[in-house]
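*Asks:* Below is one structure. I have some questions about it.
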Amino acid sequence: MNLKVLNIHAGHNTIVPGANGYFSETTENKNVKNAVISKLQSLGYTVYDCTDDSGKTQNENLKNIVSKCNDNTVDLDISIHFNASNGQGHGVEVLQYSDKTQAIAQNICNAIAELGFKNRGVKERTDLYVLKKTKAPAILIECCFCDSAIDAGLYNYDSMASAIVKGLTGEVKEIVQPQPAPAPTPTPKPSGDNWVRRLQEELNRQFGARLVVDGINGPKTLKACPMVKKGAKGGITKLIQERLVSVGFNLTLDGIFGENTKKAVKVFQKNRGLTEDGIVGPKTWEWLLKGTKM
Ligand SMILES: [Zn+2]
């Protein structure tokens with residue numbers, strides 16, 4: 001298949017939103033779609049955005065998308081979605097109407113699976129409205145599961161978009177970020193980690209830990225950290241959630257250690273070779289205090 005001109009759209013809209021889990025499908029469909037468009041454009045492809053923001057019912061949304069798609073003469077229609085099930089399903093799949101798109105659909109699946117997602121493969125679906133009604137060959141990418149802790153821990157819209165572009169075109173041009181201006185003269189001594197500083201304050205306030213609030217991750221701070229598990233509530237839990245979000249998890253910062261926080265802690269532990277018990281004990285604190293992505 002020779003690709004030069006493409007339609008792409010984000011599934012659903014804010015009036016009739018898609019699935020929800022660790023993150024909102026509707027929001028991430030848009031983030032991935034926008035990043036794919038800019039990456040494809042920087043490679044010289046012509047791309048039309050056929051996202052519909054105004055349909056008030058699911059049917060209207062689908063009809064609007066198809067009519068926008070069919071206004072353009074393109075080589076391929078791409079629909080961006082995220083899957084959801086019961087929290088157990090995970091991985092990428094690409095749905096297609098016919099095997100005309102087999103090679104491209106498989107390449108996209110493989111490129112996304114290279115990011116660590118389970119490869120669920122290419123599936124033929126002749127019953128889906130958008131795939132059926134669009135004139136050009138069409139594929140629907142279920143990037144990963146928005147209600148899977150495993151997928152949420154791996155997911156990042158920019159790497160997802162790069163994988164899609166790689167699968168489509170065989171190449172990826174990184175968008176060059178403007179470089180920050182170099183710091184003048186010798187930088188002053190780093191003044192610690194602000195998250196660690198706030199944790200120290202909270203440990204002093206709640207437990208009378210009498211730590212120096214210097215933002216420095218030292219042995220006294222680690223020793224003062226309590227065991228935190230499901231059912232906990234408050235400032236320490238919120239700080240744990242913040243740290244998990246800063247390394248890539250999608251969590252609500254509500255200070256409540258519920259099922260989602262527990263699942264995220266388990267993935268965090270698994271990725272770091274720790275016992276996956278969902279309980280924040282000394283080993284997990286050690287990694288949280290470091291605050292590194294890995
Ligand atoms: Zn969807």
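The chains in the structure tokens are called A, B, ... from first to last as shown; in each chain the residues are counted from 1, and the ligands are counted from 1 in the order shown.
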Write out as JSON, numbers by chain which residues come within 9 Å of Ile240 (chain A) when counting only C-alpha atoms, dropping same-chain ones fewer than 3 positions away.
*Replies:* {"A": [235, 236, 237, 243, 244, 245, 255, 261, 280, 285, 288]}
*Asks:* Name all residues at most 12 Å from Gly248 (chain A) (count only C-alpha atoms; drop same-chain ones fewer than 4 positions away) and give them as a list of chain:residue names.
*Replies:* A:Tyr22, A:Phe23, A:Ala149, A:Ile150, A:Asp151, A:Ala152, A:Gly153, A:Leu154, A:Tyr155, A:Asn156, A:Tyr157, A:Gln241, A:Glu242, A:Arg243, A:Leu244, A:Ala264, A:Val265, A:Val267, A:Phe268, A:Gly291, A:Thr292, A:Lys293, A:Met294
*Asks:* Residues up to 8 Å from ligand 1, counting only C-alpha atoms and all ligand atoms: could you list those as a list in words?
*Replies:*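 Using only C-alpha atoms and all ligand atoms, everything at most 8 Å from ligand 1 comes to Gly11, His12, Gly18, Ala19, Glu25, Thr26, Ile80, His81, Phe82, Asn83 and Glu142 of chain A.
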*Asks:* For Ile108 (chain A), which of A:Arg120, A:His90, A:Lys56, A:Lys220 is the closest residue, counting only C-alpha atoms?
*Replies:*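 Using only C-alpha atoms, Ile108 (chain A) sits closest to A:Arg120.
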*Asks:* Please give the complete set of residues from region 12-255 of chain A that DSSP, run on the backbone, assigns to helix (DSSP H, G or I), formatted as a PyMOL selection string.
*Replies:* chain A and resi 25-42+58-70+99-113+129-133+149-154+157-169+194-207+219-224+235-246
*Asks:* So that I can check the surroundings of Lys68 (chain A), please list as JSON, numbers by chain every protein, DNA and RNA residue that reaches within 12 Å of it, counting only C-alpha atoms and ignoring chain neighbours fewer than 5 positions away.
*Replies:* {"A": [7, 8, 9, 48, 49, 50, 51, 52, 53, 61, 62, 63, 73, 74, 77, 130, 133, 134, 135]}
*Asks:* Restricted to N, CA, C and O atoms, what would the selected residues look like written as a PDB file, in the first residue's frame?
*Replies:*
```
ATOM      1  N   ASN A   7      -6.296  10.163   6.279  1.00  0.00           N
ATOM      2  CA  ASN A   7      -7.244  10.731   7.244  1.00  0.00           C
ATOM      3  C   ASN A   7      -6.955  10.104   8.593  1.00  0.00           C
ATOM      4  O   ASN A   7      -6.682   8.902   8.664  1.00  0.00           O
ATOM      5  N   ILE A   8      -7.055  10.909   9.639  1.00  0.00           N
ATOM      6  CA  ILE A   8      -6.942  10.327  10.981  1.00  0.00           C
ATOM      7  C   ILE A   8      -7.952  11.033  11.877  1.00  0.00           C
ATOM      8  O   ILE A   8      -8.235  12.218  11.689  1.00  0.00           O
ATOM      9  N   HIS A   9      -8.524  10.301  12.811  1.00  0.00           N
ATOM     10  CA  HIS A   9      -9.403  10.944  13.779  1.00  0.00           C
ATOM     11  C   HIS A   9      -9.264  10.287  15.137  1.00  0.00           C
ATOM     12  O   HIS A   9      -8.880   9.128  15.247  1.00  0.00           O
ATOM     13  N   TYR A  48      -5.320  14.665   7.048  1.00  0.00           N
ATOM     14  CA  TYR A  48      -6.536  15.388   7.399  1.00  0.00           C
ATOM     15  C   TYR A  48      -7.055  14.900   8.744  1.00  0.00           C
ATOM     16  O   TYR A  48      -7.143  13.690   8.981  1.00  0.00           O
ATOM     17  N   ASP A  49      -7.394  15.857   9.607  1.00  0.00           N
ATOM     18  CA  ASP A  49      -7.955  15.519  10.917  1.00  0.00           C
ATOM     19  C   ASP A  49      -9.473  15.419  10.785  1.00  0.00           C
ATOM     20  O   ASP A  49     -10.147  16.407  10.512  1.00  0.00           O
ATOM     21  N   CYS A  50     -10.027  14.227  10.944  1.00  0.00           N
ATOM     22  CA  CYS A  50     -11.469  14.009  10.769  1.00  0.00           C
ATOM     23  C   CYS A  50     -12.177  13.783  12.105  1.00  0.00           C
ATOM     24  O   CYS A  50     -13.245  13.163  12.154  1.00  0.00           O
ATOM     25  N   THR A  51     -11.576  14.285  13.178  1.00  0.00           N
ATOM     26  CA  THR A  51     -12.199  14.156  14.498  1.00  0.00           C
ATOM     27  C   THR A  51     -13.492  14.965  14.550  1.00  0.00           C
ATOM     28  O   THR A  51     -13.567  16.054  13.992  1.00  0.00           O
ATOM     29  N   ASP A  52     -14.493  14.423  15.203  1.00  0.00           N
ATOM     30  CA  ASP A  52     -15.774  15.124  15.337  1.00  0.00           C
ATOM     31  C   ASP A  52     -15.983  15.554  16.788  1.00  0.00           C
ATOM     32  O   ASP A  52     -16.023  14.705  17.681  1.00  0.00           O
ATOM     33  N   ASP A  53     -16.134  16.868  17.003  1.00  0.00           N
ATOM     34  CA  ASP A  53     -16.336  17.368  18.373  1.00  0.00           C
ATOM     35  C   ASP A  53     -17.785  17.724  18.670  1.00  0.00           C
ATOM     36  O   ASP A  53     -18.096  18.160  19.768  1.00  0.00           O
ATOM     37  N   ASN A  61     -21.907  11.071  16.197  1.00  0.00           N
ATOM     38  CA  ASN A  61     -20.447  11.172  16.218  1.00  0.00           C
ATOM     39  C   ASN A  61     -19.832  10.310  15.105  1.00  0.00           C
ATOM     40  O   ASN A  61     -19.003  10.763  14.321  1.00  0.00           O
ATOM     41  N   LEU A  62     -20.302   9.085  14.985  1.00  0.00           N
ATOM     42  CA  LEU A  62     -19.757   8.176  13.970  1.00  0.00           C
ATOM     43  C   LEU A  62     -20.066   8.673  12.561  1.00  0.00           C
ATOM     44  O   LEU A  62     -19.217   8.656  11.682  1.00  0.00           O
ATOM     45  N   LYS A  63     -21.315   9.147  12.368  1.00  0.00           N
ATOM     46  CA  LYS A  63     -21.709   9.644  11.042  1.00  0.00           C
ATOM     47  C   LYS A  63     -20.866  10.839  10.638  1.00  0.00           C
ATOM     48  O   LYS A  63     -20.435  10.957   9.493  1.00  0.00           O
ATOM     49  N   THR A  73      -9.964  12.465  -0.550  1.00  0.00           N
ATOM     50  CA  THR A  73      -9.496  11.269  -1.250  1.00  0.00           C
ATOM     51  C   THR A  73      -8.154  10.881  -0.627  1.00  0.00           C
ATOM     52  O   THR A  73      -7.196  11.642  -0.709  1.00  0.00           O
ATOM     53  N   VAL A  74      -8.160   9.761   0.034  1.00  0.00           N
ATOM     54  CA  VAL A  74      -6.966   9.379   0.795  1.00  0.00           C
ATOM     55  C   VAL A  74      -6.585   7.923   0.519  1.00  0.00           C
ATOM     56  O   VAL A  74      -7.367   7.162  -0.057  1.00  0.00           O
ATOM     57  N   ASP A  77      -7.671   5.489   6.055  1.00  0.00           N
ATOM     58  CA  ASP A  77      -8.348   6.137   7.190  1.00  0.00           C
ATOM     59  C   ASP A  77      -7.854   5.484   8.470  1.00  0.00           C
ATOM     60  O   ASP A  77      -7.841   4.252   8.574  1.00  0.00           O
ATOM     61  N   VAL A 130     -17.401   2.807  11.310  1.00  0.00           N
ATOM     62  CA  VAL A 130     -16.397   3.652  10.652  1.00  0.00           C
ATOM     63  C   VAL A 130     -15.574   2.847   9.644  1.00  0.00           C
ATOM     64  O   VAL A 130     -15.286   3.313   8.540  1.00  0.00           O
ATOM     65  N   LYS A 133     -18.039   2.098   6.586  1.00  0.00           N
ATOM     66  CA  LYS A 133     -18.618   3.179   5.771  1.00  0.00           C
ATOM     67  C   LYS A 133     -17.586   4.091   5.113  1.00  0.00           C
ATOM     68  O   LYS A 133     -17.948   4.914   4.278  1.00  0.00           O
ATOM     69  N   THR A 134     -16.335   4.010   5.512  1.00  0.00           N
ATOM     70  CA  THR A 134     -15.338   4.869   4.878  1.00  0.00           C
ATOM     71  C   THR A 134     -14.962   4.285   3.523  1.00  0.00           C
ATOM     72  O   THR A 134     -14.917   3.068   3.351  1.00  0.00           O
ATOM     73  N   LYS A 135     -14.710   5.202   2.553  1.00  0.00           N
ATOM     74  CA  LYS A 135     -14.429   4.746   1.181  1.00  0.00           C
ATOM     75  C   LYS A 135     -13.039   4.141   1.057  1.00  0.00           C
ATOM     76  O   LYS A 135     -12.848   3.130   0.405  1.00  0.00           O
TER      77      LYS A 135
END
```
*Asks:* Give the answer as one residue: which of A:Lys233, A:Lys39, A:Arg198, A:Lys270 has the shortest atom-to-atom distance to Ile216 (chain A), using only C-alpha atoms?
*Replies:*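 Nearest to Ile216 (chain A): A:Arg198.
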*Asks:* Residues within 12 Å of Ile104 (chain A), please, as a PyMOL selection string. Count only C-alpha atoms; anything in the same chain fewer than 6 positions from it doesn't count.
*Replies:* chain A and resi 1-3+75-78+94-96+98+110-111+121-122+137-141+164-170
*Asks:* Would you list the contacts of region 195-197 of chain A as a VMD selection string, taking every protein, DNA or RNA residue within 9 Å and counting only C-alpha atoms, but skipping same-chain residues closer than 2 positions in sequence?
*Replies:* chain A and resid 192 to 193 199 to 202 212 to 217 221 239 242 to 243 289
*Asks:* Write to file, as a compact mmCIF listing (two decimals), in the first residue's frame, the residues of the selection just made, with N, CA, C and O atoms.
*Replies:*
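Everything below was put into result_13.txt:
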```txt
# COMPACT_ATOMS: atom_id res chain seq x y z
N GLY A 192 18.09 20.21 46.71
CA GLY A 192 17.24 19.07 47.09
C GLY A 192 16.01 18.95 46.21
O GLY A 192 15.79 19.72 45.30
N ASP A 193 15.25 17.95 46.54
CA ASP A 193 14.07 17.57 45.76
C ASP A 193 12.85 18.11 46.50
O ASP A 193 12.68 17.83 47.69
N LEU A 199 7.63 15.74 51.74
CA LEU A 199 7.46 14.49 52.48
C LEU A 199 8.05 14.65 53.89
O LEU A 199 7.44 14.23 54.89
N GLN A 200 9.21 15.26 53.97
CA GLN A 200 9.86 15.48 55.28
C GLN A 200 8.96 16.33 56.18
O GLN A 200 8.78 16.01 57.37
N GLU A 201 8.36 17.37 55.60
CA GLU A 201 7.45 18.22 56.38
C GLU A 201 6.28 17.41 56.92
O GLU A 201 5.89 17.53 58.08
N GLU A 202 5.73 16.57 56.02
CA GLU A 202 4.56 15.77 56.40
C GLU A 202 4.93 14.73 57.47
O GLU A 202 4.16 14.49 58.40
N VAL A 212 15.37 17.15 59.28
CA VAL A 212 15.76 18.43 58.69
C VAL A 212 15.05 18.51 57.33
O VAL A 212 15.15 17.58 56.53
N VAL A 213 14.31 19.60 57.12
CA VAL A 213 13.58 19.71 55.84
C VAL A 213 14.53 20.29 54.80
O VAL A 213 14.58 21.49 54.56
N ASP A 214 15.32 19.41 54.19
CA ASP A 214 16.34 19.88 53.23
C ASP A 214 16.12 19.30 51.83
O ASP A 214 16.87 19.60 50.91
N GLY A 215 15.08 18.47 51.68
CA GLY A 215 14.83 17.90 50.35
C GLY A 215 15.88 16.88 49.92
O GLY A 215 15.94 16.49 48.77
N ILE A 216 16.71 16.45 50.86
CA ILE A 216 17.76 15.49 50.52
C ILE A 216 17.33 14.09 50.97
O ILE A 216 16.90 13.89 52.10
N ASN A 217 17.44 13.15 50.00
CA ASN A 217 17.03 11.77 50.24
C ASN A 217 18.13 11.04 51.01
O ASN A 217 19.03 10.45 50.42
N THR A 221 15.54 10.07 56.50
CA THR A 221 14.23 10.26 55.86
C THR A 221 13.61 8.91 55.54
O THR A 221 12.43 8.66 55.85
N LEU A 239 1.24 12.17 48.54
CA LEU A 239 2.62 12.32 48.08
C LEU A 239 3.07 11.07 47.29
O LEU A 239 3.75 11.18 46.28
N GLU A 242 1.49 11.35 43.92
CA GLU A 242 2.21 12.34 43.11
C GLU A 242 3.48 11.76 42.50
O GLU A 242 3.79 11.98 41.34
N ARG A 243 4.21 11.01 43.34
CA ARG A 243 5.48 10.44 42.86
C ARG A 243 5.21 9.41 41.76
O ARG A 243 5.95 9.32 40.79
N LEU A 289 11.70 7.53 46.89
CA LEU A 289 12.56 8.64 47.28
C LEU A 289 13.53 9.01 46.15
O LEU A 289 13.82 10.18 45.94
```
*Asks:* Just the strand (DSSP E) stuff from region 55-128 of chain A, please, per backbone DSSP, written as a list in words.
*Replies:*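 The residues of region 55-128 of chain A classed as strand (DSSP E) are Leu76, Asp77, Ile78, Ser79, Ile80, His81, Phe82, Asn83, Val92, Glu93, Val94, Leu95, Gln96, Asn119, Arg120, Gly121, Val122, Lys123 and Glu124 of chain A.
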*Asks:* Could you write out that same residue set with N, CA, C and O atoms as a compact mmCIF listing (two decimals), in the first residue's frame?
*Replies:*
```txt
# COMPACT_ATOMS: atom_id res chain seq x y z
N LEU A 76 -5.61 5.98 3.18
CA LEU A 76 -5.95 5.20 4.38
C LEU A 76 -6.69 6.08 5.39
O LEU A 76 -6.37 7.26 5.54
N ASP A 77 -7.67 5.49 6.05
CA ASP A 77 -8.35 6.14 7.19
C ASP A 77 -7.85 5.48 8.47
O ASP A 77 -7.84 4.25 8.57
N ILE A 78 -7.48 6.31 9.45
CA ILE A 78 -7.00 5.77 10.73
C ILE A 78 -7.87 6.28 11.87
O ILE A 78 -8.09 7.49 12.00
N SER A 79 -8.34 5.36 12.69
CA SER A 79 -9.16 5.69 13.84
C SER A 79 -8.37 5.36 15.10
O SER A 79 -7.85 4.25 15.24
N ILE A 80 -8.27 6.33 16.02
CA ILE A 80 -7.48 6.12 17.24
C ILE A 80 -8.41 5.87 18.44
O ILE A 80 -9.28 6.70 18.74
N HIS A 81 -8.21 4.75 19.10
CA HIS A 81 -9.01 4.40 20.29
C HIS A 81 -8.13 3.75 21.35
O HIS A 81 -7.00 3.32 21.07
N PHE A 82 -8.70 3.65 22.55
CA PHE A 82 -8.11 2.84 23.61
C PHE A 82 -9.17 1.84 24.06
O PHE A 82 -10.36 2.16 24.10
N ASN A 83 -8.74 0.67 24.40
CA ASN A 83 -9.60 -0.41 24.81
C ASN A 83 -9.92 -0.32 26.30
O ASN A 83 -9.25 0.40 27.04
N VAL A 92 -2.07 -4.20 22.81
CA VAL A 92 -2.48 -3.47 21.61
C VAL A 92 -3.17 -4.42 20.64
O VAL A 92 -2.81 -5.58 20.53
N GLU A 93 -4.18 -3.89 19.94
CA GLU A 93 -4.71 -4.61 18.79
C GLU A 93 -5.12 -3.62 17.71
O GLU A 93 -5.43 -2.48 18.01
N VAL A 94 -5.06 -4.07 16.46
CA VAL A 94 -5.47 -3.21 15.35
C VAL A 94 -6.59 -3.93 14.62
O VAL A 94 -6.47 -5.11 14.28
N LEU A 95 -7.70 -3.21 14.43
CA LEU A 95 -8.86 -3.78 13.77
C LEU A 95 -8.89 -3.30 12.32
O LEU A 95 -8.62 -2.13 12.06
N GLN A 96 -9.21 -4.20 11.42
CA GLN A 96 -9.27 -3.81 10.01
C GLN A 96 -10.53 -4.37 9.38
O GLN A 96 -11.09 -5.35 9.83
N ASN A 119 1.18 -7.98 22.41
CA ASN A 119 0.73 -7.89 21.01
C ASN A 119 -0.48 -8.80 20.81
O ASN A 119 -0.35 -10.01 20.73
N ARG A 120 -1.67 -8.19 20.76
CA ARG A 120 -2.90 -8.98 20.60
C ARG A 120 -3.22 -9.21 19.13
O ARG A 120 -4.19 -9.90 18.80
N GLY A 121 -2.44 -8.57 18.25
CA GLY A 121 -2.54 -8.87 16.82
C GLY A 121 -3.59 -8.07 16.06
O GLY A 121 -4.24 -7.18 16.59
N VAL A 122 -3.74 -8.44 14.80
CA VAL A 122 -4.65 -7.77 13.89
C VAL A 122 -5.94 -8.58 13.83
O VAL A 122 -5.90 -9.80 13.74
N LYS A 123 -7.08 -7.88 13.90
CA LYS A 123 -8.36 -8.59 13.88
C LYS A 123 -9.26 -8.02 12.79
O LYS A 123 -9.29 -6.81 12.59
N GLU A 124 -9.95 -8.90 12.08
CA GLU A 124 -10.86 -8.43 11.05
C GLU A 124 -12.20 -8.12 11.68
O GLU A 124 -12.76 -8.95 12.39
```
*Asks:* For Lys100 (chain A), which residue among A:Lys230, A:Ala136, A:Lys33, A:Phe145 is the nearest when counting only C-alpha atoms?
*Replies:*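 That would be A:Ala136, the residue with the smallest distance to Lys100 (chain A).
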*Asks:* Compare A:Asn34, A:Asn107, A:Ser148, A:Thr57 by their minimum atom-to-atom distance to Thr14 (chain A), counting only C-alpha atoms, and give me the closest one.
*Replies:*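 Result for the nearest residue to Thr14 (chain A): A:Thr57.
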*Asks:* Between CA of Lys223 (chain A) and CA of Glu286 (chain A), measure the distance and give it in Å to one decimal.
*Replies:*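 Taking CA of Lys223 (chain A) as the start and CA of Glu286 (chain A) as the end point, the length is 9.7 Å.
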*Asks:* Applying 8 Å and only C-alpha atoms, which residues near Gly21 (chain A) remain after dropping the ones on its own chain fewer than 5 positions away? List them as a ChimeraX atom specification.
*Replies:* /A:84,146-148
